[in-house]
Amino acid sequence: MFTGFFYTLRDEKVPVTPTEWMTLMEALDRGLAGASLSGFYYLARAVLVKSEAYYDRFDLAFRRYFDGIETSEKLAGQVAKWLENSLPPLKVDPSGRIPFSDWSLEDLKKQLEERLAEQKEEHHGGSRWIGTGGTSPFGHSGYHPAGLRIGGQSVNRSAVKVAAERRYRDFRNDDTLNTRQFEVALRKLRQLSRNDEKPPDMLNLDKTIDATCRKGGMLELVWDRPRKNTVKVILMMDSGGSMNPYARLCSQLFQAASKVNHFKDIKFYYFHNCVYDRLFNDPFCLVKNSVRTIDVLRDLDSSYRLIMVGDASMAPSELLMVGGALDWGVENDEPGESWLRRLAGHFTHSVWLNPIPEYMWPPVGERSYDTIGIIRGIFPMFELTVEGLERAVAKLKVSK
Amino acid sequence: MERSIYQGTADYLVSEDLRNAVNIAMALGRPLLIKGEPGTGKTMLARSIAEGLGMPLIIWNIKSTTKAQEGLYVYDTVQRLYDSQFGDRDVSDIRQYIRLGKLGEAFVSEKQAVLLIDEIDKADLEFPNDLLWELDIMNFYIPETGETISARHRPVVVITSNAEKELPDAFLRRCIFHYISFPDEEMMANIVRVHHPNLESNLLAEALKAFYWIRSLPGLLKKPSTSELLDWVQALVVGGIHPDRVTAEIPFLGVLLKKNQDFDQVLRRLHSPGGLQRQTGWPGNVRSGIRN
Ligand SMILES: Nc1ncnc2c1ncn2[C@@H]1O[C@H](COP(=O)(O)OP(=O)(O)O)[C@@H](O)[C@H]1O
Ligand SMILES: [Mg+2]
């Protein structure tokens, strides 16, 4: 019954390994769960789950596996049964433990089977599991026939109920991991150079040896200045209505970009569907909070890496016609396409990230009702995914 | 080994599951990995454990350039070379050029120590794995002197991460893990009270309202954290600000927000329809706040 929990976790895609499972067995053997299911809940989570991104899946698995034993009377019987049916722990002698060796799943299964067979003969009756006579160090959350206490505060909430609340839903990795992976990808965008602001505090071994030899063996230390990233970045994001479905994705990219603090400079601008004579300082795209695109081009030199983010999907008139801009107050004397070409021409490195999956894009340069084809002809376009960002970063490292 | 149980301390509020995680890690002799946004009390936890258990605290602050080896020992060859040229010391005694790192210090500590490895995610990706072996077998060898440094007592190892980088799987498997969620308003109120026991409750309520409103704004470069809130509350108290003014004007906004862009955005939102003052029914439209 109990090993089933291991498989339920795997089934919910919590990446538990046999190593961690054995640690849990060791901990149970020492009575670290106390004698309650909630004690077990927190113990198992602390030992088995290594990222808050998996807390939610853990909750789902826990609920699935232990559901039906949340009422107190039932709990008494069920926990006892569960404890009895549990597998005896592997006796681990700390001194003999091989550091961080991984067990293969096969090994683990075999060992567990052997121990299970052993258990049938001896029958420990579960008392060992219930933490030897109150030696359990853990707080108030002891087993209580009339109900469980959790967190020392709320009475009558079983661990299963806590799990059922799914308080960590927001941390699911589908989300958080994205931001971090974006960040990792963006970190690769760097170009080191000598930095004259920092003190020279890095020993240059080759030059030291050389200089020392020249001085006939008198030590002469040669110091260098540490190098730092010289890459400057501009992120321009489309905040138009058709981007709404991708708001989350874009915000992840934004979060990632603002966290990567290793750029020499990073600027954020927004536009509505297409860039015209004004760029906006925030996603609301109000004229009173905008700057002239011309000024941006004048102030920012061509070495800035330009990252455009948008679905590149608009009415062809918005891209191709004078006065095609959607917003009142934006008077484009020139079609959006010219502005895009001007941007692409000014910066030596530029890319376009598109949240629409690549297989849906028309071919490069195709001039049809779908504006993606035209824009692809102006900027190298990549999918807004972790992989697409990685490819875009690689592209941004080499000039066109 | 005598077993001590961490119960929390007066100046640090600890949830029961966090407290359990600490005790589990100590009982199993495993490193405790604590993750959470800045300001969720990760660093403070290690202090609290040390204080609560009467153990010395050894802090190893990790930077992007920190190498695992530095935690064990450093052999100051340059000094030795210098001495061999100019000094009058006996350079044949290498031991005087060996300096123990923080992990080494924790190993040789007379009393069992708490070792805080703070912000491990700052270092490069290999760093955590490089430490695994020593953390596990609790000793290391110094080839230069032929000495082995073994832990007198297995230190309580607390490792914190702001999640700037993923940590390697092999490392994670060895750790006991706990994620500290950002405190909700109720918990935060308690934390502020720990630091400002005599705070007027009206002022606290308004400050929290403004604080969580700012945190809810999309697109901030750096959300204010607990530390900034505590400083801000201090500023409000010292400045003698009336609770009514707190959400209407957010005085001393510069204490909460360190980035100019965020500062401007919050001011803009504050004075736009649907801003905080609308929700509170406060008609004021005074531009205020100081920049620091
Ligand atoms: N649970 C808590 N109880 C008391 N004070 C806290 C708590 N959590 C955070 N703080 C306070 O918040 C500030 C930031 O905490 P710190 O430990 O530096 O956070 P972190 O290391 O997670 O960035 C400190 O002043 C600390 O005293
Ligand atoms: Mg800290």
# chains A, B, ... in the order shown; residues from 1 in each chain; ligands from 1
>>> residues_around(residues="segment 115-118 of chain B", least_positions_apart="3", cutoff="6 Å", atoms="only C-alpha atoms", output="mmCIF file with all heavy atoms, in the first residue's frame")
data_model
loop_
_atom_site.group_PDB
_atom_site.id
_atom_site.type_symbol
_atom_site.label_atom_id
_atom_site.label_comp_id
_atom_site.auth_asym_id
_atom_site.auth_seq_id
_atom_site.Cartn_x
_atom_site.Cartn_y
_atom_site.Cartn_z
ATOM 1 N N ILE B 58 28.236 30.416 11.824
ATOM 2 C CA ILE B 58 29.301 30.716 10.868
ATOM 3 C C ILE B 58 28.645 31.012 9.532
ATOM 4 O O ILE B 58 27.876 30.196 9.023
ATOM 5 C CB ILE B 58 30.281 29.537 10.764
ATOM 6 C CG1 ILE B 58 30.954 29.338 12.132
ATOM 7 C CG2 ILE B 58 31.306 29.779 9.666
ATOM 8 C CD1 ILE B 58 31.829 28.132 12.226
ATOM 9 N N ILE B 59 28.903 32.218 9.007
ATOM 10 C CA ILE B 59 28.220 32.620 7.784
ATOM 11 C C ILE B 59 29.170 32.613 6.604
ATOM 12 O O ILE B 59 30.237 33.222 6.647
ATOM 13 C CB ILE B 59 27.635 34.042 7.934
ATOM 14 C CG1 ILE B 59 26.667 34.073 9.109
ATOM 15 C CG2 ILE B 59 26.912 34.456 6.651
ATOM 16 C CD1 ILE B 59 26.098 35.447 9.392
ATOM 17 N N TRP B 60 28.776 31.943 5.583
ATOM 18 C CA TRP B 60 29.546 31.934 4.337
ATOM 19 C C TRP B 60 28.677 32.591 3.275
ATOM 20 O O TRP B 60 27.716 32.006 2.792
ATOM 21 C CB TRP B 60 29.907 30.494 3.953
ATOM 22 C CG TRP B 60 30.830 30.382 2.789
ATOM 23 C CD1 TRP B 60 31.532 31.375 2.194
ATOM 24 C CD2 TRP B 60 31.149 29.175 2.072
ATOM 25 N NE1 TRP B 60 32.282 30.871 1.153
ATOM 26 C CE2 TRP B 60 32.061 29.527 1.052
ATOM 27 C CE3 TRP B 60 30.748 27.839 2.194
ATOM 28 C CZ2 TRP B 60 32.574 28.576 0.162
ATOM 29 C CZ3 TRP B 60 31.260 26.906 1.313
ATOM 30 C CH2 TRP B 60 32.171 27.278 0.311
ATOM 31 N N ASN B 61 29.001 33.846 2.964
ATOM 32 C CA ASN B 61 28.246 34.573 1.948
ATOM 33 C C ASN B 61 28.771 34.224 0.573
ATOM 34 O O ASN B 61 29.943 34.423 0.291
ATOM 35 C CB ASN B 61 28.399 36.081 2.147
ATOM 36 C CG ASN B 61 27.509 36.561 3.263
ATOM 37 O OD1 ASN B 61 26.324 36.240 3.281
ATOM 38 N ND2 ASN B 61 28.081 37.285 4.209
ATOM 39 N N ILE B 62 27.908 33.750 -0.275
ATOM 40 C CA ILE B 62 28.360 33.311 -1.585
ATOM 41 C C ILE B 62 28.240 34.446 -2.600
ATOM 42 O O ILE B 62 27.242 35.164 -2.630
ATOM 43 C CB ILE B 62 27.538 32.088 -2.051
ATOM 44 C CG1 ILE B 62 27.572 31.001 -0.984
ATOM 45 C CG2 ILE B 62 28.056 31.580 -3.384
ATOM 46 C CD1 ILE B 62 28.952 30.539 -0.596
ATOM 47 N N VAL B 156 25.154 22.089 11.715
ATOM 48 C CA VAL B 156 23.817 22.221 11.146
ATOM 49 C C VAL B 156 23.977 23.116 9.919
ATOM 50 O O VAL B 156 24.328 24.280 10.045
ATOM 51 C CB VAL B 156 22.857 22.887 12.149
ATOM 52 C CG1 VAL B 156 21.488 23.107 11.521
ATOM 53 C CG2 VAL B 156 22.765 22.040 13.412
ATOM 54 N N VAL B 157 23.767 22.567 8.753
ATOM 55 C CA VAL B 157 24.028 23.330 7.538
ATOM 56 C C VAL B 157 22.723 23.887 6.974
ATOM 57 O O VAL B 157 21.803 23.136 6.665
ATOM 58 C CB VAL B 157 24.724 22.460 6.473
ATOM 59 C CG1 VAL B 157 24.991 23.283 5.222
ATOM 60 C CG2 VAL B 157 26.021 21.885 7.026
ATOM 61 N N VAL B 158 22.656 25.219 6.906
ATOM 62 C CA VAL B 158 21.487 25.870 6.319
ATOM 63 C C VAL B 158 21.942 26.555 5.037
ATOM 64 O O VAL B 158 22.903 27.320 5.042
ATOM 65 C CB VAL B 158 20.889 26.921 7.273
ATOM 66 C CG1 VAL B 158 19.699 27.618 6.632
ATOM 67 C CG2 VAL B 158 20.482 26.269 8.583
ATOM 68 N N ILE B 159 21.278 26.255 3.950
ATOM 69 C CA ILE B 159 21.658 26.815 2.659
ATOM 70 C C ILE B 159 20.481 27.616 2.127
ATOM 71 O O ILE B 159 19.348 27.145 2.156
ATOM 72 C CB ILE B 159 22.015 25.681 1.670
ATOM 73 C CG1 ILE B 159 23.160 24.841 2.243
ATOM 74 C CG2 ILE B 159 22.382 26.242 0.309
ATOM 75 C CD1 ILE B 159 23.491 23.618 1.431
ATOM 76 N N THR B 160 20.728 28.847 1.691
ATOM 77 C CA THR B 160 19.602 29.622 1.180
ATOM 78 C C THR B 160 19.764 29.886 -0.311
ATOM 79 O O THR B 160 20.868 29.910 -0.840
ATOM 80 C CB THR B 160 19.462 30.991 1.881
ATOM 81 O OG1 THR B 160 20.478 31.865 1.382
ATOM 82 C CG2 THR B 160 19.574 30.864 3.375
#
>>> residues_around(residues="segment 370-379 of chain A", least_positions_apart="6", cutoff="12 Å", atoms="only C-alpha atoms", output="PyMOL selection string")
chain A and resi 273-275+306-320+336-345+347-364+392+395-396+400
>>> interface_residues(of="chain B", to="chain A", cutoff="8 Å", atoms="only C-alpha atoms", output="CSV table (one decimal) with C-alpha atoms, in the first residue's frame")
chain,number,residue,atom,x,y,z
B,5,ILE,CA,15.3,20.6,19.2
B,15,SER,CA,5.7,28.3,10.9
B,16,GLU,CA,5.3,24.8,12.1
B,17,ASP,CA,6.2,23.2,8.9
B,20,ASN,CA,9.7,20.7,11.4
B,21,ALA,CA,11.9,20.9,8.3
B,23,ASN,CA,14.4,19.5,13.0
B,24,ILE,CA,14.2,16.9,10.3
B,28,LEU,CA,19.0,13.3,9.5
B,81,LEU,CA,56.4,33.4,-2.1
B,82,TYR,CA,56.6,36.9,-0.8
B,85,GLN,CA,61.8,36.7,-1.0
B,133,TRP,CA,31.3,15.2,-0.9
B,136,ASP,CA,28.5,14.2,3.2
B,137,ILE,CA,31.5,12.7,4.7
B,164,GLU,CA,18.3,32.9,-9.4
B,165,LYS,CA,19.5,29.7,-10.8
B,166,GLU,CA,18.5,26.1,-10.9
B,170,ALA,CA,22.5,15.5,-7.4
B,172,LEU,CA,19.0,18.7,-4.4
B,173,ARG,CA,18.6,15.0,-3.7
B,174,ARG,CA,20.9,15.3,-0.6
B,175,CYS,CA,19.0,18.2,0.9
B,176,ILE,CA,15.9,18.6,3.0
B,177,PHE,CA,14.0,21.3,1.2
B,178,HIS,CA,11.6,24.0,2.4
B,179,TYR,CA,10.1,26.8,0.4
B,219,GLY,CA,5.7,44.9,-14.3
B,221,LEU,CA,11.4,45.7,-11.8
>>> residues_near_ligand(ligand="ligand 1", cutoff="10 Å", atoms="only C-alpha atoms and all ligand atoms", output="PyMOL selection string")
chain B and resi 8-15+34-48+118-119+160-162+180+182-183+187-188+190-195+225-231
>>> closest_residue(among="B:Asp184, B:Thr145, B:Asn260, B:Pro218", to="Phe284 of chain A", atoms="only C-alpha atoms")
B:Pro218
>>> select_by_dssp(residues="segment 80-132 of chain B", states="strand (DSSP E)", output="VMD selection string")
chain B and resid 98 to 100 114 to 118
>>> residues_around(residues="Lys397 of chain A", least_positions_apart="6", cutoff="10 Å", atoms="only C-alpha atoms", output="list in words")
Lys188, Leu189, Arg190, Gln191, Val231, Arg305, His349 and Ser350 of chain A
>>> write_last_selection(atoms="N, CA and C atoms", output="PDB file, in the first residue's frame")
ATOM      1  N   LYS A 188      23.052  33.957 -21.227  1.00  0.00           N
ATOM      2  CA  LYS A 188      24.077  33.579 -22.203  1.00  0.00           C
ATOM      3  C   LYS A 188      24.415  34.743 -23.123  1.00  0.00           C
ATOM      4  N   LEU A 189      23.591  35.768 -23.074  1.00  0.00           N
ATOM      5  CA  LEU A 189      23.833  36.921 -23.930  1.00  0.00           C
ATOM      6  C   LEU A 189      24.854  37.826 -23.270  1.00  0.00           C
ATOM      7  N   ARG A 190      26.101  37.516 -23.506  1.00  0.00           N
ATOM      8  CA  ARG A 190      27.091  38.387 -22.901  1.00  0.00           C
ATOM      9  C   ARG A 190      28.351  38.424 -23.731  1.00  0.00           C
ATOM     10  N   GLN A 191      29.064  39.477 -23.519  1.00  0.00           N
ATOM     11  CA  GLN A 191      30.284  39.682 -24.243  1.00  0.00           C
ATOM     12  C   GLN A 191      31.198  40.368 -23.254  1.00  0.00           C
ATOM     13  N   VAL A 231      27.189  43.900 -23.027  1.00  0.00           N
ATOM     14  CA  VAL A 231      25.981  43.842 -23.852  1.00  0.00           C
ATOM     15  C   VAL A 231      24.890  44.767 -23.316  1.00  0.00           C
ATOM     16  N   ARG A 305      21.381  45.470 -28.468  1.00  0.00           N
ATOM     17  CA  ARG A 305      20.711  44.312 -29.062  1.00  0.00           C
ATOM     18  C   ARG A 305      19.211  44.546 -28.956  1.00  0.00           C
ATOM     19  N   HIS A 349      22.264  44.218 -34.342  1.00  0.00           N
ATOM     20  CA  HIS A 349      21.769  42.911 -33.911  1.00  0.00           C
ATOM     21  C   HIS A 349      20.307  43.047 -33.524  1.00  0.00           C
ATOM     22  N   SER A 350      19.439  42.312 -34.179  1.00  0.00           N
ATOM     23  CA  SER A 350      18.043  42.376 -33.766  1.00  0.00           C
ATOM     24  C   SER A 350      17.347  41.051 -34.042  1.00  0.00           C
TER      25      SER A 350
END
>>> atom_distance(atom1="atom CA of His153 of chain B", atom2="atom CA of Tyr75 of chain B")
24.2 Å
